[in-house]
Amino acid sequence: ELNQKDGRWITILAMAIFVLLSLGAVVFLYYQNQQLKTLLTSYQFTPTPSASSDPTSDWKTYTNPIEKFSFRYPSNWKIDISSENGDVNKQNIIIKLTNGDAQIQLYANMMGIGGVGQDYQGTPLTLDGVNLFRYKMTGADGKTMIIGLTDELTQSLGLFRFDGKTYGFSLSYPINLDKTQEETNLEKDFDQILATFKFLRASSTPISSPTPSLQPQQY
């Protein structure tokens, strides 16, 4: 049997072993921590660029020098600004965008307008705070699809007025593209161009934003 003296030595030995194991664990954890710090210091973080939430952020910007409005458009559309100043009276301004057989036409300060009004079916659309309708129809030739803006759905010429001036915005493309991916992309481009459109008003100029009605209007 173990005597009392032997029991004390066993207790002391066990405590010494426990202390040594604890010190060993502390030293190991310290070493691991230092290794991790060294690894993190030497590692170069390269931030991943985030994708822009605005699909039009890399588009080109056009600003009209006469009517002072602007919009952005994608590089796959070719712009024609040969009539951006209008006629000798600075009226009937035309900006054209073409993409293959498709064309977007923006008319501003239109004068001498004629034609017979017709009824349209359209969905509400806001253009820089102006309440309008977006319509889609087959052209008179039966071969062209036309998407446009109007402020009236009854007896309309497919135009809209803002601050006393008449505008005409439309997209046209061959009807054989209808229901294809290309047709979908063309209409998407048109809608996104309209979403970037801005009337560049001076801060002192009151904003006129008429609410569309279903009553006939004279242009």
# chains A, B, ... in the order shown; residues from 1 in each chain; ligands from 1
$ select_by_dssp --residues "range 2-164 of chain A" --states "strand (DSSP E or B)" --output "PyMOL selection string"
chain A and resi 60-63+69-73+78-83+93-99+102-108+118+122-127+130-138+144-150+152+156+160-162
$ atom_distance --atom1 "CA of Thr144 in chain A" --atom2 "CA of Asn99 in chain A"
14.7 Å
$ residues_around --residues "Asp58 in chain A" --least-positions-apart "2" --cutoff "10 Å" --atoms "only C-alpha atoms" --output "PDB file with N, CA and C atoms, in the first residue's frame"
ATOM      1  N   SER A  52     -22.517  47.445 -61.770  1.00  0.00           N
ATOM      2  CA  SER A  52     -23.356  48.628 -61.639  1.00  0.00           C
ATOM      3  C   SER A  52     -24.824  48.230 -61.704  1.00  0.00           C
ATOM      4  N   ASP A  54     -27.065  50.248 -62.593  1.00  0.00           N
ATOM      5  CA  ASP A  54     -27.638  51.027 -63.677  1.00  0.00           C
ATOM      6  C   ASP A  54     -27.134  50.478 -65.016  1.00  0.00           C
ATOM      7  N   PRO A  55     -28.010  49.830 -65.803  1.00  0.00           N
ATOM      8  CA  PRO A  55     -27.557  49.246 -67.074  1.00  0.00           C
ATOM      9  C   PRO A  55     -27.171  50.294 -68.107  1.00  0.00           C
ATOM     10  N   THR A  56     -27.505  51.569 -67.861  1.00  0.00           N
ATOM     11  CA  THR A  56     -27.191  52.630 -68.821  1.00  0.00           C
ATOM     12  C   THR A  56     -25.974  53.451 -68.411  1.00  0.00           C
ATOM     13  N   LYS A  60     -23.671  56.492 -73.964  1.00  0.00           N
ATOM     14  CA  LYS A  60     -23.312  57.841 -74.375  1.00  0.00           C
ATOM     15  C   LYS A  60     -24.445  58.802 -74.022  1.00  0.00           C
ATOM     16  N   THR A  61     -24.096  60.078 -73.837  1.00  0.00           N
ATOM     17  CA  THR A  61     -25.102  61.088 -73.489  1.00  0.00           C
ATOM     18  C   THR A  61     -25.237  62.111 -74.614  1.00  0.00           C
ATOM     19  N   ARG A  72     -29.573  59.335 -72.694  1.00  0.00           N
ATOM     20  CA  ARG A  72     -28.454  58.440 -72.940  1.00  0.00           C
ATOM     21  C   ARG A  72     -28.879  57.345 -73.918  1.00  0.00           C
ATOM     22  N   TYR A  73     -27.911  56.815 -74.655  1.00  0.00           N
ATOM     23  CA  TYR A  73     -28.217  55.777 -75.641  1.00  0.00           C
ATOM     24  C   TYR A  73     -27.034  54.822 -75.740  1.00  0.00           C
ATOM     25  N   PRO A  74     -27.300  53.541 -76.074  1.00  0.00           N
ATOM     26  CA  PRO A  74     -26.221  52.546 -76.149  1.00  0.00           C
ATOM     27  C   PRO A  74     -25.396  52.699 -77.412  1.00  0.00           C
ATOM     28  N   SER A  75     -24.201  52.171 -77.384  1.00  0.00           N
ATOM     29  CA  SER A  75     -23.252  52.344 -78.488  1.00  0.00           C
ATOM     30  C   SER A  75     -23.672  51.600 -79.752  1.00  0.00           C
TER      31      SER A  75
END
$ closest_atom_pairs --of "range 79-126 of chain A" --to "range 159-173 of chain A" --cutoff "6 Å" --atoms "only C-alpha atoms" --output "CSV"
residue,atom,partner,partner_atom,distance
A:Ala102,CA,A:Tyr173,CA,4.3
A:Gln103,CA,A:Ser172,CA,5.4
A:Ile104,CA,A:Leu171,CA,4.4
A:Gln105,CA,A:Ser170,CA,5.5
A:Leu106,CA,A:Phe169,CA,4.6
A:Tyr107,CA,A:Gly168,CA,4.8
A:Ala108,CA,A:Tyr167,CA,4.6
A:Asn109,CA,A:Lys165,CA,5.2
A:Met110,CA,A:Thr166,CA,5.3
$ closest_residue --among "A:Phe190, A:Leu20, A:Ile79, A:Phe199" --to "Arg134 in chain A" --atoms "only C-alpha atoms"
A:Phe190
$ atom_distance --atom1 "CA of Asn92 in chain A" --atom2 "CA of Phe71 in chain A"
18.2 Å
$ closest_residue --among "A:Gly129, A:Gly100, A:Gly122, A:Gly86" --to "Ile66 in chain A" --atoms "only C-alpha atoms"
A:Gly86
$ closest_residue --among "A:Asp141, A:Glu152, A:Asp191, A:Asp101" --to "Tyr120 in chain A" --atoms "only C-alpha atoms"
A:Glu152
$ residues_around --residues "Ile81 in chain A" --least-positions-apart "3" --cutoff "7 Å" --atoms "only C-alpha atoms" --output "mmCIF file with N, CA and C atoms, in the first residue's frame"
data_model
loop_
_atom_site.group_PDB
_atom_site.id
_atom_site.type_symbol
_atom_site.label_atom_id
_atom_site.label_comp_id
_atom_site.auth_asym_id
_atom_site.auth_seq_id
_atom_site.Cartn_x
_atom_site.Cartn_y
_atom_site.Cartn_z
ATOM 1 N N GLU A 84 -30.512 68.584 -85.491
ATOM 2 C CA GLU A 84 -30.716 68.852 -84.066
ATOM 3 C C GLU A 84 -31.032 70.310 -83.761
ATOM 4 N N ILE A 95 -33.927 64.267 -83.942
ATOM 5 C CA ILE A 95 -32.762 63.446 -83.595
ATOM 6 C C ILE A 95 -33.127 62.007 -83.919
ATOM 7 N N LYS A 96 -32.282 61.331 -84.684
ATOM 8 C CA LYS A 96 -32.557 59.959 -85.091
ATOM 9 C C LYS A 96 -31.495 59.017 -84.545
#
$ select_by_dssp --residues "range 66-194 of chain A" --states "helix (DSSP H, G or I)" --output "list in words"
Ile175, Asn176, Leu177, Gln181, Glu182, Glu183, Thr184, Asn185, Leu186, Glu187, Lys188, Asp189, Phe190, Asp191, Gln192, Ile193 and Leu194 of chain A
$ write_last_selection --atoms "all heavy atoms" --output "short mmCIF file (atom, residue, chain, number, x, y, z; two decimals), in the first residue's frame"
data_model
loop_
_atom_site.label_atom_id
_atom_site.label_comp_id
_atom_site.auth_asym_id
_atom_site.auth_seq_id
_atom_site.Cartn_x
_atom_site.Cartn_y
_atom_site.Cartn_z
N ILE A 175 -41.94 44.60 -89.16
CA ILE A 175 -42.88 43.79 -88.39
C ILE A 175 -42.45 42.33 -88.30
O ILE A 175 -42.87 41.61 -87.41
CB ILE A 175 -44.30 43.92 -89.00
CG1 ILE A 175 -45.35 43.59 -87.93
CG2 ILE A 175 -44.45 43.06 -90.25
CD1 ILE A 175 -46.75 43.99 -88.34
N ASN A 176 -41.58 41.87 -89.23
CA ASN A 176 -41.15 40.48 -89.18
C ASN A 176 -40.21 40.21 -88.01
O ASN A 176 -39.86 39.06 -87.74
CB ASN A 176 -40.49 40.06 -90.49
CG ASN A 176 -39.31 40.95 -90.87
OD1 ASN A 176 -38.84 41.75 -90.07
ND2 ASN A 176 -38.82 40.80 -92.10
N LEU A 177 -39.79 41.26 -87.30
CA LEU A 177 -38.97 41.08 -86.10
C LEU A 177 -39.82 40.85 -84.87
O LEU A 177 -39.32 40.49 -83.81
CB LEU A 177 -38.08 42.31 -85.86
CG LEU A 177 -36.97 42.57 -86.87
CD1 LEU A 177 -36.22 43.84 -86.49
CD2 LEU A 177 -36.01 41.40 -86.95
N GLN A 181 -36.25 37.73 -80.23
CA GLN A 181 -35.37 38.29 -79.21
C GLN A 181 -34.88 39.66 -79.63
O GLN A 181 -34.73 40.57 -78.81
CB GLN A 181 -34.17 37.36 -78.96
CG GLN A 181 -33.24 37.83 -77.85
CD GLN A 181 -33.94 37.91 -76.50
OE1 GLN A 181 -34.72 37.03 -76.14
NE2 GLN A 181 -33.69 38.98 -75.76
N GLU A 182 -34.63 39.84 -80.94
CA GLU A 182 -34.17 41.13 -81.42
C GLU A 182 -35.22 42.21 -81.19
O GLU A 182 -34.91 43.31 -80.76
CB GLU A 182 -33.84 41.05 -82.91
CG GLU A 182 -33.24 42.33 -83.47
CD GLU A 182 -32.82 42.20 -84.93
OE1 GLU A 182 -32.94 41.08 -85.47
OE2 GLU A 182 -32.38 43.19 -85.50
N GLU A 183 -36.48 41.85 -81.44
CA GLU A 183 -37.57 42.80 -81.20
C GLU A 183 -37.65 43.17 -79.72
O GLU A 183 -37.82 44.33 -79.35
CB GLU A 183 -38.89 42.19 -81.69
CG GLU A 183 -40.14 43.00 -81.34
CD GLU A 183 -40.85 42.47 -80.10
OE1 GLU A 183 -40.52 41.37 -79.64
OE2 GLU A 183 -41.72 43.18 -79.59
N THR A 184 -37.47 42.17 -78.86
CA THR A 184 -37.51 42.42 -77.41
C THR A 184 -36.38 43.36 -77.00
O THR A 184 -36.59 44.28 -76.20
CB THR A 184 -37.40 41.10 -76.64
OG1 THR A 184 -38.48 40.24 -77.01
CG2 THR A 184 -37.44 41.34 -75.13
N ASN A 185 -35.19 43.16 -77.54
CA ASN A 185 -34.05 44.01 -77.20
C ASN A 185 -34.25 45.44 -77.70
O ASN A 185 -33.86 46.41 -77.02
CB ASN A 185 -32.76 43.42 -77.79
CG ASN A 185 -32.35 42.14 -77.11
OD1 ASN A 185 -32.73 41.88 -75.97
ND2 ASN A 185 -31.58 41.32 -77.81
N LEU A 186 -34.85 45.60 -78.88
CA LEU A 186 -35.09 46.94 -79.42
C LEU A 186 -36.04 47.71 -78.52
O LEU A 186 -35.80 48.88 -78.19
CB LEU A 186 -35.68 46.84 -80.83
CG LEU A 186 -34.75 46.32 -81.93
CD1 LEU A 186 -35.52 46.10 -83.22
CD2 LEU A 186 -33.58 47.29 -82.16
N GLU A 187 -37.12 47.08 -78.11
CA GLU A 187 -38.08 47.76 -77.24
C GLU A 187 -37.47 48.04 -75.86
O GLU A 187 -37.75 49.08 -75.25
CB GLU A 187 -39.35 46.93 -77.12
CG GLU A 187 -40.14 46.85 -78.41
CD GLU A 187 -41.56 46.35 -78.20
OE1 GLU A 187 -42.10 46.52 -77.10
OE2 GLU A 187 -42.14 45.78 -79.15
N LYS A 188 -36.63 47.12 -75.39
CA LYS A 188 -35.96 47.35 -74.11
C LYS A 188 -35.05 48.55 -74.19
O LYS A 188 -35.03 49.40 -73.28
CB LYS A 188 -35.16 46.10 -73.71
CG LYS A 188 -34.44 46.22 -72.38
CD LYS A 188 -33.67 44.95 -72.05
CE LYS A 188 -32.90 45.09 -70.75
NZ LYS A 188 -32.12 43.87 -70.43
N ASP A 189 -34.28 48.66 -75.28
CA ASP A 189 -33.41 49.82 -75.47
C ASP A 189 -34.23 51.11 -75.50
O ASP A 189 -33.85 52.11 -74.88
CB ASP A 189 -32.61 49.69 -76.78
CG ASP A 189 -31.45 48.72 -76.67
OD1 ASP A 189 -31.15 48.26 -75.56
OD2 ASP A 189 -30.85 48.42 -77.73
N PHE A 190 -35.33 51.10 -76.23
CA PHE A 190 -36.18 52.29 -76.34
C PHE A 190 -36.70 52.71 -74.97
O PHE A 190 -36.62 53.90 -74.60
CB PHE A 190 -37.35 51.99 -77.29
CG PHE A 190 -38.29 53.15 -77.50
CD1 PHE A 190 -37.82 54.36 -78.01
CD2 PHE A 190 -39.63 53.03 -77.21
CE1 PHE A 190 -38.68 55.43 -78.22
CE2 PHE A 190 -40.50 54.09 -77.42
CZ PHE A 190 -40.03 55.30 -77.92
N ASP A 191 -37.19 51.76 -74.20
CA ASP A 191 -37.72 52.08 -72.87
C ASP A 191 -36.62 52.61 -71.95
O ASP A 191 -36.86 53.53 -71.16
CB ASP A 191 -38.37 50.84 -72.25
CG ASP A 191 -39.67 50.46 -72.96
OD1 ASP A 191 -40.26 51.33 -73.64
OD2 ASP A 191 -40.09 49.29 -72.84
N GLN A 192 -35.42 52.04 -72.05
CA GLN A 192 -34.33 52.51 -71.19
C GLN A 192 -33.84 53.89 -71.62
O GLN A 192 -33.45 54.70 -70.78
CB GLN A 192 -33.18 51.50 -71.19
CG GLN A 192 -33.52 50.22 -70.45
CD GLN A 192 -32.36 49.24 -70.39
OE1 GLN A 192 -31.54 49.18 -71.31
NE2 GLN A 192 -32.28 48.46 -69.34
N ILE A 193 -33.84 54.16 -72.91
CA ILE A 193 -33.50 55.51 -73.39
C ILE A 193 -34.50 56.52 -72.83
O ILE A 193 -34.12 57.59 -72.34
CB ILE A 193 -33.46 55.54 -74.92
CG1 ILE A 193 -32.24 54.79 -75.44
CG2 ILE A 193 -33.43 56.99 -75.44
CD1 ILE A 193 -32.23 54.58 -76.95
N LEU A 194 -35.79 56.18 -72.89
CA LEU A 194 -36.81 57.07 -72.35
C LEU A 194 -36.63 57.27 -70.84
O LEU A 194 -36.88 58.37 -70.32
CB LEU A 194 -38.20 56.49 -72.62
CG LEU A 194 -38.64 56.40 -74.09
CD1 LEU A 194 -40.03 55.78 -74.18
CD2 LEU A 194 -38.63 57.77 -74.75
#
$ atom_distance --atom1 "CA of Lys78 in chain A" --atom2 "CA of Leu149 in chain A"
21.4 Å
$ residues_around --residues "Thr126 in chain A" --least-positions-apart "3" --cutoff "12 Å" --atoms "only C-alpha atoms" --output "mmCIF file with C-alpha atoms, in the first residue's frame"
data_model
loop_
_atom_site.group_PDB
_atom_site.id
_atom_site.type_symbol
_atom_site.label_atom_id
_atom_site.label_comp_id
_atom_site.auth_asym_id
_atom_site.auth_seq_id
_atom_site.Cartn_x
_atom_site.Cartn_y
_atom_site.Cartn_z
ATOM 1 C CA THR A 123 -50.209 51.872 -71.002
ATOM 2 C CA GLY A 129 -42.322 63.612 -64.463
ATOM 3 C CA VAL A 130 -44.681 64.044 -67.435
ATOM 4 C CA ASN A 131 -47.593 61.584 -67.451
ATOM 5 C CA LEU A 132 -48.027 59.979 -70.872
ATOM 6 C CA PHE A 133 -49.122 56.764 -72.570
ATOM 7 C CA ARG A 134 -46.919 54.236 -74.392
ATOM 8 C CA LEU A 149 -45.704 58.182 -76.759
ATOM 9 C CA THR A 150 -48.919 60.176 -76.624
ATOM 10 C CA ASP A 151 -50.699 62.291 -74.032
ATOM 11 C CA PHE A 160 -47.520 64.782 -76.686
ATOM 12 C CA ASP A 191 -37.722 52.076 -72.872
ATOM 13 C CA LEU A 194 -36.815 57.069 -72.351
ATOM 14 C CA ALA A 195 -35.981 56.346 -68.697
ATOM 15 C CA THR A 196 -32.822 58.481 -69.030
ATOM 16 C CA PHE A 197 -34.596 61.370 -70.786
ATOM 17 C CA LYS A 198 -34.470 64.705 -68.934
ATOM 18 C CA SER A 209 -46.661 68.173 -66.005
ATOM 19 C CA PRO A 210 -50.097 67.677 -67.557
ATOM 20 C CA THR A 211 -52.142 64.653 -66.598
ATOM 21 C CA PRO A 212 -53.287 62.640 -69.618
#
